[in-house]
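Enquirer: This is query.cif (mmCIF, C-alpha atoms and all ligand atoms).
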data_entry
loop_
_atom_site.label_atom_id
_atom_site.label_comp_id
_atom_site.auth_asym_id
_atom_site.auth_seq_id
_atom_site.Cartn_x
_atom_site.Cartn_y
_atom_site.Cartn_z
CA MET J 26 -67.28 -157.53 -25.05
CA LEU J 27 -66.77 -157.70 -28.80
CA GLU J 28 -63.39 -158.20 -30.45
CA THR J 29 -62.46 -158.90 -34.03
CA ARG J 30 -59.02 -159.36 -35.47
CA GLY J 31 -58.42 -159.47 -39.20
CA LEU J 32 -62.03 -160.53 -39.68
CA SER J 33 -62.67 -161.10 -43.38
CA LYS J 34 -65.30 -162.49 -45.69
CA ALA J 35 -65.17 -163.11 -49.41
CA PHE J 36 -68.00 -164.36 -51.60
CA ARG J 37 -66.68 -166.46 -54.47
CA GLY J 38 -63.33 -164.75 -54.20
CA ARG J 39 -64.83 -161.25 -54.03
CA PRO J 40 -63.96 -159.55 -50.75
CA ALA J 41 -66.93 -158.12 -48.83
CA VAL J 42 -65.20 -157.51 -45.47
CA ILE J 43 -61.43 -157.05 -45.31
CA ASP J 44 -59.22 -157.33 -42.22
CA LEU J 45 -61.65 -155.83 -39.75
CA ASP J 46 -60.29 -154.98 -36.30
CA LEU J 47 -62.87 -153.86 -33.79
CA SER J 48 -62.90 -153.71 -30.03
CA LEU J 49 -66.04 -152.63 -28.22
CA PRO J 50 -66.80 -152.72 -24.49
CA GLY J 51 -70.21 -153.17 -22.87
CA GLY J 52 -72.41 -150.17 -22.24
CA VAL J 53 -71.61 -148.75 -25.63
CA VAL J 54 -73.82 -147.94 -28.56
CA PHE J 55 -71.86 -148.48 -31.75
CA ALA J 56 -73.12 -147.05 -35.05
CA PHE J 57 -71.84 -148.71 -38.18
CA LEU J 58 -72.03 -146.40 -41.19
CA GLY J 59 -71.08 -146.97 -44.80
CA PRO J 60 -72.51 -146.97 -48.31
CA ASN J 61 -74.63 -149.85 -49.63
CA GLY J 62 -72.45 -152.87 -50.25
CA SER J 63 -69.61 -151.74 -47.98
CA GLY J 64 -69.86 -154.87 -45.79
CA LYS J 65 -71.94 -153.83 -42.79
CA THR J 66 -74.55 -156.58 -42.97
CA THR J 67 -71.90 -159.19 -43.77
CA THR J 68 -70.04 -158.14 -40.62
CA VAL J 69 -73.21 -158.39 -38.52
CA ARG J 70 -73.97 -161.81 -40.00
CA MET J 71 -70.50 -163.09 -39.10
CA LEU J 72 -70.76 -161.72 -35.58
CA THR J 73 -74.15 -163.36 -35.09
CA THR J 74 -72.86 -166.73 -36.45
CA VAL J 75 -75.10 -166.67 -39.52
CA LEU J 76 -72.08 -166.53 -41.86
CA ARG J 77 -68.74 -168.21 -41.38
CA PRO J 78 -65.79 -165.84 -41.74
CA SER J 79 -63.29 -166.53 -44.53
CA GLY J 80 -60.45 -165.31 -42.34
CA GLY J 81 -59.45 -163.73 -39.06
CA GLU J 82 -61.39 -164.16 -35.84
CA ALA J 83 -64.15 -162.67 -33.77
CA ARG J 84 -65.18 -163.08 -30.16
CA VAL J 85 -68.37 -161.98 -28.48
CA MET J 86 -68.22 -161.96 -24.67
CA GLY J 87 -65.11 -164.06 -25.03
CA PHE J 88 -66.75 -166.73 -27.22
CA ASP J 89 -65.37 -167.48 -30.64
CA VAL J 90 -68.02 -167.04 -33.35
CA VAL J 91 -66.88 -170.18 -35.18
CA ARG J 92 -65.69 -172.61 -32.50
CA GLU J 93 -68.23 -171.53 -29.86
CA ALA J 94 -71.10 -170.49 -32.12
CA GLU J 95 -73.72 -172.06 -29.83
CA ARG J 96 -72.55 -169.96 -26.91
CA VAL J 97 -72.43 -166.82 -28.99
CA ARG J 98 -76.04 -167.42 -30.04
CA ARG J 99 -77.05 -167.40 -26.39
CA VAL J 100 -75.63 -163.96 -25.69
CA VAL J 101 -76.52 -162.12 -28.88
CA ALA J 102 -79.81 -161.16 -30.44
CA ALA J 103 -80.37 -159.51 -33.77
CA VAL J 104 -83.01 -157.57 -35.61
CA PRO J 105 -81.99 -158.28 -39.20
CA GLN J 106 -82.46 -155.93 -42.10
CA GLY J 107 -85.95 -156.32 -43.58
CA ALA J 108 -89.07 -158.06 -42.29
CA VAL J 109 -88.54 -161.26 -40.40
CA MET J 110 -91.80 -162.12 -38.64
CA SER J 111 -94.08 -164.97 -39.65
CA TYR J 112 -97.19 -163.84 -41.47
CA HIS J 113 -99.02 -166.95 -40.28
CA LEU J 114 -98.90 -165.92 -36.63
CA ASP J 115 -100.29 -162.90 -34.80
CA LEU J 116 -97.97 -160.64 -32.78
CA VAL J 117 -98.40 -162.68 -29.61
CA GLY J 118 -97.63 -165.87 -31.51
CA ASN J 119 -94.64 -164.31 -33.21
CA ILE J 120 -93.07 -163.02 -30.03
CA THR J 121 -93.74 -166.12 -27.95
CA THR J 122 -92.50 -168.52 -30.63
CA TYR J 123 -89.36 -166.50 -31.10
CA LEU J 124 -88.63 -166.57 -27.36
CA VAL J 125 -89.24 -170.32 -27.12
CA LEU J 126 -86.92 -170.92 -30.08
CA ALA J 127 -84.36 -168.77 -28.27
CA GLY J 128 -84.48 -171.27 -25.39
CA LEU J 129 -86.97 -169.84 -22.89
CA SER J 130 -89.63 -172.08 -21.35
CA PRO J 131 -93.12 -171.60 -22.85
CA ARG J 132 -94.30 -170.15 -19.54
CA GLU J 133 -91.48 -167.62 -19.30
CA ALA J 134 -91.89 -166.83 -23.00
CA ARG J 135 -95.57 -166.02 -22.48
CA ARG J 136 -94.76 -163.86 -19.47
CA ARG J 137 -92.12 -161.88 -21.33
CA THR J 138 -94.37 -161.56 -24.37
CA GLU J 139 -97.00 -159.81 -22.25
CA GLU J 140 -94.33 -157.58 -20.75
CA ALA J 141 -92.98 -156.70 -24.20
CA LEU J 142 -96.42 -155.93 -25.62
CA GLU J 143 -97.07 -153.63 -22.69
CA ARG J 144 -93.72 -151.86 -22.78
CA PHE J 145 -93.93 -151.22 -26.52
CA GLY J 146 -97.55 -150.18 -26.65
CA LEU J 147 -98.56 -153.17 -28.75
CA ARG J 148 -101.25 -154.64 -26.52
CA GLU J 149 -104.19 -153.56 -28.61
CA HIS J 150 -102.57 -155.14 -31.68
CA ARG J 151 -101.74 -158.44 -30.03
CA ARG J 152 -104.08 -160.52 -32.18
CA LYS J 153 -103.09 -158.90 -35.46
CA LYS J 154 -100.76 -160.49 -37.95
CA PRO J 155 -97.65 -158.58 -39.00
CA HIS J 156 -99.13 -157.53 -42.35
CA GLU J 157 -102.22 -156.18 -40.58
CA VAL J 158 -100.29 -153.49 -38.72
CA SER J 159 -98.26 -150.53 -40.02
CA GLY J 160 -94.60 -150.96 -40.92
CA GLY J 161 -93.63 -148.93 -37.87
CA LEU J 162 -95.58 -151.14 -35.50
CA ARG J 163 -94.18 -154.25 -37.15
CA ARG J 164 -90.65 -152.94 -36.69
CA ARG J 165 -91.46 -152.14 -33.08
CA ALA J 166 -92.78 -155.67 -32.54
CA GLU J 167 -89.60 -157.11 -34.06
CA LEU J 168 -87.55 -155.02 -31.70
CA ALA J 169 -89.79 -155.87 -28.74
CA ARG J 170 -89.32 -159.60 -29.12
CA VAL J 171 -85.56 -159.29 -29.50
CA LEU J 172 -85.26 -157.07 -26.42
CA ALA J 173 -87.41 -159.55 -24.49
CA ARG J 174 -84.54 -162.01 -24.67
CA ARG J 175 -82.55 -159.65 -22.41
CA VAL J 176 -79.18 -160.53 -23.90
CA PRO J 177 -76.09 -158.40 -23.34
CA VAL J 178 -75.24 -157.87 -27.02
CA LEU J 179 -77.74 -156.59 -29.56
CA PHE J 180 -77.40 -156.18 -33.29
CA LEU J 181 -79.83 -153.88 -35.06
CA ASP J 182 -79.44 -153.71 -38.83
CA GLU J 183 -80.94 -150.43 -40.07
CA PRO J 184 -83.54 -150.52 -37.29
CA THR J 185 -85.21 -147.24 -38.15
CA ALA J 186 -85.41 -147.63 -41.93
CA GLY J 187 -88.98 -146.78 -42.88
CA LEU J 188 -90.03 -145.54 -39.44
CA ASP J 189 -91.77 -142.21 -38.97
CA PRO J 190 -89.89 -139.53 -36.98
CA GLY J 191 -91.80 -140.24 -33.76
CA ALA J 192 -91.15 -143.97 -33.89
CA ARG J 193 -87.49 -143.27 -34.66
CA ARG J 194 -87.15 -141.10 -31.59
CA GLU J 195 -88.74 -143.74 -29.41
CA LEU J 196 -86.35 -146.32 -30.71
CA TRP J 197 -83.37 -144.02 -30.09
CA GLU J 198 -84.50 -143.54 -26.51
CA GLU J 199 -84.76 -147.30 -26.11
CA VAL J 200 -81.30 -147.85 -27.61
CA ARG J 201 -79.71 -145.25 -25.33
CA SER J 202 -81.29 -146.77 -22.26
CA LEU J 203 -80.01 -150.23 -23.25
CA GLY J 204 -76.53 -148.73 -23.45
CA ARG J 205 -76.94 -147.18 -20.00
CA GLU J 206 -77.99 -150.59 -18.68
CA GLY J 207 -74.67 -152.03 -19.86
CA CYS J 208 -75.68 -153.62 -23.15
CA LEU J 209 -73.51 -153.41 -26.20
CA VAL J 210 -75.76 -152.20 -29.00
CA PHE J 211 -74.31 -152.60 -32.48
CA LEU J 212 -76.43 -150.82 -35.04
CA THR J 213 -76.05 -150.11 -38.72
CA THR J 214 -77.56 -146.99 -40.14
CA HIS J 215 -77.50 -144.57 -43.06
CA SER J 216 -78.58 -141.70 -40.87
CA PHE J 217 -75.99 -139.27 -39.48
CA GLU J 218 -78.70 -137.82 -37.29
CA GLU J 219 -79.27 -141.28 -35.84
CA ALA J 220 -75.58 -141.94 -35.29
CA GLU J 221 -75.18 -138.57 -33.57
CA ALA J 222 -78.27 -139.15 -31.45
CA VAL J 223 -77.39 -142.57 -30.09
CA ALA J 224 -73.79 -143.56 -30.72
CA ASP J 225 -70.90 -143.50 -28.29
CA VAL J 226 -68.64 -144.89 -30.99
CA VAL J 227 -68.98 -144.70 -34.76
CA GLY J 228 -67.32 -146.84 -37.43
CA ILE J 229 -67.33 -146.01 -41.12
CA MET J 230 -67.01 -148.83 -43.63
CA SER J 231 -65.84 -148.21 -47.16
CA GLY J 232 -65.26 -150.94 -49.71
CA GLY J 233 -65.18 -153.67 -47.06
CA ARG J 234 -62.68 -151.90 -44.84
CA LEU J 235 -63.16 -150.01 -41.61
CA ALA J 236 -62.01 -146.64 -42.88
CA ALA J 237 -62.44 -144.68 -39.62
CA SER J 238 -63.73 -145.18 -36.12
CA GLY J 239 -64.00 -143.33 -32.84
CA ARG J 240 -66.26 -141.11 -30.82
CA PRO J 241 -68.40 -139.11 -33.27
CA GLY J 242 -66.95 -135.69 -32.41
CA GLU J 243 -63.36 -136.90 -32.16
CA LEU J 244 -63.63 -138.84 -35.40
CA ALA J 245 -64.82 -135.75 -37.23
CA ALA J 246 -62.13 -133.58 -35.66
CA SER J 247 -59.36 -136.06 -36.47
CA LEU J 248 -60.34 -135.80 -40.14
CA GLY J 249 -60.56 -132.03 -40.02
CA ALA J 250 -64.32 -132.24 -40.53
CA LEU J 251 -66.95 -130.18 -38.79
CA SER J 252 -69.60 -132.88 -38.72
CA LEU J 253 -69.96 -136.61 -38.91
CA GLU J 254 -71.52 -136.21 -42.34
CA GLU J 255 -68.52 -134.28 -43.65
CA ALA J 256 -66.17 -136.87 -42.10
CA TYR J 257 -68.13 -139.65 -43.78
CA PHE J 258 -67.78 -138.18 -47.25
CA ARG J 259 -64.09 -137.53 -46.72
CA VAL J 260 -63.58 -141.12 -45.68
CA ILE J 261 -65.57 -142.80 -48.43
CA GLY J 262 -64.28 -140.39 -51.06
CA GLY J 263 -67.29 -139.04 -52.89
CA ALA J 264 -70.55 -140.89 -53.40
CA GLY J 265 -69.49 -144.51 -53.06
CA GLY J 266 -66.62 -146.76 -52.06
CA GLY J 267 -64.65 -145.82 -55.18
CA PRO J 268 -64.64 -147.44 -58.61
CA GLY J 269 -63.94 -151.16 -58.66
CA SER J 270 -64.19 -151.51 -54.89
CA PRO J 271 -66.79 -153.80 -53.32
CA GLY J 272 -68.52 -150.69 -52.04
CA SER J 273 -69.35 -149.55 -55.54
CA SER J 274 -71.94 -152.26 -56.19
CA LEU J 275 -75.39 -152.51 -54.69
CA PRO J 276 -76.20 -155.58 -52.58
N1 LIG J 301 -74.68 -164.00 -49.60
C1 LIG J 301 -73.92 -163.27 -50.46
N2 LIG J 301 -73.42 -163.82 -51.58
C2 LIG J 301 -72.65 -163.09 -52.42
N3 LIG J 301 -72.32 -161.81 -52.22
C3 LIG J 301 -72.80 -161.22 -51.13
C4 LIG J 301 -73.62 -161.91 -50.18
N4 LIG J 301 -73.94 -161.04 -49.16
C5 LIG J 301 -73.34 -159.89 -49.47
N5 LIG J 301 -72.66 -159.97 -50.63
C6 LIG J 301 -71.86 -158.90 -51.25
O1 LIG J 301 -70.96 -158.43 -50.25
C7 LIG J 301 -70.83 -157.01 -50.32
C8 LIG J 301 -71.21 -156.39 -48.98
O2 LIG J 301 -72.62 -156.51 -48.78
P1 LIG J 301 -73.34 -156.12 -47.42
O3 LIG J 301 -72.56 -156.66 -46.30
O4 LIG J 301 -74.74 -156.55 -47.55
O5 LIG J 301 -73.22 -154.54 -47.44
P2 LIG J 301 -74.02 -153.43 -46.61
O6 LIG J 301 -74.79 -154.08 -45.54
O7 LIG J 301 -72.95 -152.50 -46.11
O8 LIG J 301 -74.91 -152.74 -47.61
C9 LIG J 301 -71.71 -156.55 -51.48
O9 LIG J 301 -70.88 -156.44 -52.63
C10 LIG J 301 -72.69 -157.70 -51.63
O10 LIG J 301 -73.14 -157.79 -52.96
MG MG J 302 -76.87 -153.99 -45.13
#
What does this structure look like when you write it as structure tokens?
Ligand SMILES: Nc1ncnc2c1ncn2[C@@H]1O[C@H](COP(=O)(O)OP(=O)(O)O)[C@@H](O)[C@H]1O
Ligand SMILES: [Mg+2]
Expert:
Amino acid sequence: MLETRGLSKAFRGRPAVIDLDLSLPGGVVFAFLGPNGSGKTTTVRMLTTVLRPSGGEARVMGFDVVREAERVRRVVAAVPQGAVMSYHLDLVGNITTYLVLAGLSPREARRRTEEALERFGLREHRRKKPHEVSGGLRRRAELARVLARRVPVLFLDEPTAGLDPGARRELWEEVRSLGREGCLVFLTTHSFEEAEAVADVVGIMSGGRLAASGRPGELAASLGALSLEEAYFRVIGGAGGGPGSPGSSLP
């Protein structure tokens, strides 16, 4: 469902993602770990056609992210890092507009908006603007509208950053059920607890390279580590991506 070969990106000659090979089937939750600046968001942005790769190739559901970008956009949806909703519209307006821009008819968009508000417990906040609700609710609304597109491949960039423990758990439950329904969920996270709770497959980025990947338990065992956390620190070598590597600078 998702394949990359030698996928690379450099910014003004500085490598951010180097020779990435990934192969992920549907029905899998993939957790992408790695220090700040190790290339996770850049990878997500290439796979969602926001950024053009500098080298290599990537296919999502068989579609090339450069040559068939339009088709890729129809099968992927992303919750980017950071706030992305319009502060001029209320939650209903935000969700409906997003769905119309994604290609749904206004009527279908309104129908799915109501469904999403219901499913995510946002109905009583429907007329509030994003800055009038808590960060957790806002994040939930961002997720709700993306899930309402019902696409087979979802990218969630640090989806639980800033959420309280209850909201995190709810989101994990949602992510697992999407996986069971056959979706490919590609999420980046800094939380080992999160990766262990939701991921079927884990990848660890370090300095722009995929330094390790596999099922969480097997990955740890293959590195002689007792936990994902221990494996992570073995792979990244201390606190960062190493001196002079792209992983050593903050984004
Ligand atoms: N648009 C950009 N222009 C220049 N450099 C960038 C850009 N986006 C990311 N980078 C650099 O690429 C590297 C990887 O960043 P990023 O993919 O955001 O890492 P992560 O998401 O793992 O924290 C960092 O060194 C960052 O500064
Ligand atoms: Mg990032």
Enquirer: Would you mind telling me which residue in J:Phe55, J:Arg259, J:Gly81, J:Ile120 lies nearest to Ala246 (chain J) when using all atoms listed in the file?
Expert: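 Ranked by minimum distance to Ala246 (chain J), first place goes to J:Arg259.
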Enquirer: Could you list the protein, DNA and RNA residues that have any atom within 10 Å of ligand LIG 301 (chain J), counting all atoms listed in the file, and write them as a ChimeraX atom specification?
Expert: /J:34-42,57-71,76,106,182-183,213-215,229-233,270-276
Enquirer: Leaving out region 225-227 of chain J and any residue of its chain fewer than 6 positions from it, which residues lie within 12 Å of it when counting only C-alpha atoms, given as a PDB file with C-alpha atoms, keeping the file's coordinate frame?
Expert:
ATOM      1  CA  LEU J  47     -62.870-153.860 -33.790  1.00  0.00           C
ATOM      2  CA  SER J  48     -62.900-153.710 -30.030  1.00  0.00           C
ATOM      3  CA  LEU J  49     -66.040-152.630 -28.220  1.00  0.00           C
ATOM      4  CA  PRO J  50     -66.800-152.720 -24.490  1.00  0.00           C
ATOM      5  CA  GLY J  51     -70.210-153.170 -22.870  1.00  0.00           C
ATOM      6  CA  GLY J  52     -72.410-150.170 -22.240  1.00  0.00           C
ATOM      7  CA  VAL J  53     -71.610-148.750 -25.630  1.00  0.00           C
ATOM      8  CA  VAL J  54     -73.820-147.940 -28.560  1.00  0.00           C
ATOM      9  CA  PHE J  55     -71.860-148.480 -31.750  1.00  0.00           C
ATOM     10  CA  ALA J  56     -73.120-147.050 -35.050  1.00  0.00           C
ATOM     11  CA  PHE J  57     -71.840-148.710 -38.180  1.00  0.00           C
ATOM     12  CA  LEU J  58     -72.030-146.400 -41.190  1.00  0.00           C
ATOM     13  CA  GLY J  59     -71.080-146.970 -44.800  1.00  0.00           C
ATOM     14  CA  VAL J 200     -81.300-147.850 -27.610  1.00  0.00           C
ATOM     15  CA  ARG J 201     -79.710-145.250 -25.330  1.00  0.00           C
ATOM     16  CA  GLY J 204     -76.530-148.730 -23.450  1.00  0.00           C
ATOM     17  CA  ARG J 205     -76.940-147.180 -20.000  1.00  0.00           C
ATOM     18  CA  LEU J 209     -73.510-153.410 -26.200  1.00  0.00           C
ATOM     19  CA  VAL J 210     -75.760-152.200 -29.000  1.00  0.00           C
ATOM     20  CA  PHE J 211     -74.310-152.600 -32.480  1.00  0.00           C
ATOM     21  CA  LEU J 212     -76.430-150.820 -35.040  1.00  0.00           C
ATOM     22  CA  THR J 213     -76.050-150.110 -38.720  1.00  0.00           C
ATOM     23  CA  THR J 214     -77.560-146.990 -40.140  1.00  0.00           C
ATOM     24  CA  HIS J 215     -77.500-144.570 -43.060  1.00  0.00           C
ATOM     25  CA  SER J 216     -78.580-141.700 -40.870  1.00  0.00           C
ATOM     26  CA  PHE J 217     -75.990-139.270 -39.480  1.00  0.00           C
ATOM     27  CA  GLU J 219     -79.270-141.280 -35.840  1.00  0.00           C
ATOM     28  CA  LEU J 235     -63.160-150.010 -41.610  1.00  0.00           C
ATOM     29  CA  ALA J 236     -62.010-146.640 -42.880  1.00  0.00           C
ATOM     30  CA  ALA J 237     -62.440-144.680 -39.620  1.00  0.00           C
ATOM     31  CA  SER J 238     -63.730-145.180 -36.120  1.00  0.00           C
ATOM     32  CA  GLY J 239     -64.000-143.330 -32.840  1.00  0.00           C
ATOM     33  CA  ARG J 240     -66.260-141.110 -30.820  1.00  0.00           C
ATOM     34  CA  PRO J 241     -68.400-139.110 -33.270  1.00  0.00           C
ATOM     35  CA  GLY J 242     -66.950-135.690 -32.410  1.00  0.00           C
ATOM     36  CA  GLU J 243     -63.360-136.900 -32.160  1.00  0.00           C
ATOM     37  CA  LEU J 244     -63.630-138.840 -35.400  1.00  0.00           C
ATOM     38  CA  ALA J 245     -64.820-135.750 -37.230  1.00  0.00           C
ATOM     39  CA  LEU J 253     -69.960-136.610 -38.910  1.00  0.00           C
ATOM     40  CA  GLU J 254     -71.520-136.210 -42.340  1.00  0.00           C
ATOM     41  CA  ALA J 256     -66.170-136.870 -42.100  1.00  0.00           C
ATOM     42  CA  TYR J 257     -68.130-139.650 -43.780  1.00  0.00           C
TER      43      TYR J 257
END
Enquirer: So that I can see what lies close to region 122-133 of chain J, please list as an mmCIF file with C-alpha atoms, in the coordinates of the input the residues with an atom at most 12 Å from it, counting only C-alpha atoms and leaving out residues fewer than 5 positions away in the same chain.
Expert:
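Dumped everything to part_22.cif:
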data_model
loop_
_atom_site.group_PDB
_atom_site.id
_atom_site.type_symbol
_atom_site.label_atom_id
_atom_site.label_comp_id
_atom_site.auth_asym_id
_atom_site.auth_seq_id
_atom_site.Cartn_x
_atom_site.Cartn_y
_atom_site.Cartn_z
ATOM 1 C CA GLU J 95 -73.720 -172.060 -29.830
ATOM 2 C CA ARG J 96 -72.550 -169.960 -26.910
ATOM 3 C CA ARG J 98 -76.040 -167.420 -30.040
ATOM 4 C CA ARG J 99 -77.050 -167.400 -26.390
ATOM 5 C CA VAL J 100 -75.630 -163.960 -25.690
ATOM 6 C CA VAL J 101 -76.520 -162.120 -28.880
ATOM 7 C CA ALA J 102 -79.810 -161.160 -30.440
ATOM 8 C CA ALA J 103 -80.370 -159.510 -33.770
ATOM 9 C CA VAL J 104 -83.010 -157.570 -35.610
ATOM 10 C CA VAL J 109 -88.540 -161.260 -40.400
ATOM 11 C CA MET J 110 -91.800 -162.120 -38.640
ATOM 12 C CA SER J 111 -94.080 -164.970 -39.650
ATOM 13 C CA HIS J 113 -99.020 -166.950 -40.280
ATOM 14 C CA LEU J 114 -98.900 -165.920 -36.630
ATOM 15 C CA ASP J 115 -100.290 -162.900 -34.800
ATOM 16 C CA LEU J 116 -97.970 -160.640 -32.780
ATOM 17 C CA VAL J 117 -98.400 -162.680 -29.610
ATOM 18 C CA THR J 138 -94.370 -161.560 -24.370
ATOM 19 C CA GLU J 139 -97.000 -159.810 -22.250
ATOM 20 C CA GLU J 140 -94.330 -157.580 -20.750
ATOM 21 C CA ALA J 141 -92.980 -156.700 -24.200
ATOM 22 C CA ALA J 166 -92.780 -155.670 -32.540
ATOM 23 C CA GLU J 167 -89.600 -157.110 -34.060
ATOM 24 C CA LEU J 168 -87.550 -155.020 -31.700
ATOM 25 C CA ALA J 169 -89.790 -155.870 -28.740
ATOM 26 C CA ARG J 170 -89.320 -159.600 -29.120
ATOM 27 C CA VAL J 171 -85.560 -159.290 -29.500
ATOM 28 C CA LEU J 172 -85.260 -157.070 -26.420
ATOM 29 C CA ALA J 173 -87.410 -159.550 -24.490
ATOM 30 C CA ARG J 174 -84.540 -162.010 -24.670
ATOM 31 C CA ARG J 175 -82.550 -159.650 -22.410
ATOM 32 C CA VAL J 176 -79.180 -160.530 -23.900
#
Enquirer: Put a box with edges along x, y and z around all the listed atoms of region 250-254 of chain J, pad it by 6 Å on each side, then give me its centre and sizes in Å, one decimal, as lines of an AutoDock Vina configuration file.
Expert:
center_x = -67.9
center_y = -133.4
center_z = -40.5
size_x = 19.2
size_y = 18.4
size_z = 15.6
Enquirer: Closest to ligand MG 302 (chain J) among J:Val260, J:Gly107, J:Val158, J:Val91, using all atoms listed in the file?
Expert: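 Answer, going by the shortest atom-to-atom distance: J:Gly107.
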Enquirer: Taking the point (-95.4, -166.1, -24.2) as given in the file, collect each protein or nucleic acid residue that comes within 6 Å of it, counting all atoms listed in the file, and present the set as an NGL selection string.
Expert: :J and (121 or 134-136 or 138)
Enquirer: Would you mind telling me which residue in J:Ala186, J:Ile261, J:Leu248, J:Leu179 lies nearest to ligand MG 302 (chain J) when using all atoms listed in the file?
Expert: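 For ligand MG 302 (chain J), the nearest of the candidates is J:Ala186.
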Enquirer: I need the residue nearest ligand MG 302 (chain J) from this list: J:Gly228, J:Pro78, J:Gly31, J:Pro184. Use all atoms listed in the file for the distance.
Expert: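 So, comparing all the options, the nearest one is J:Pro184.
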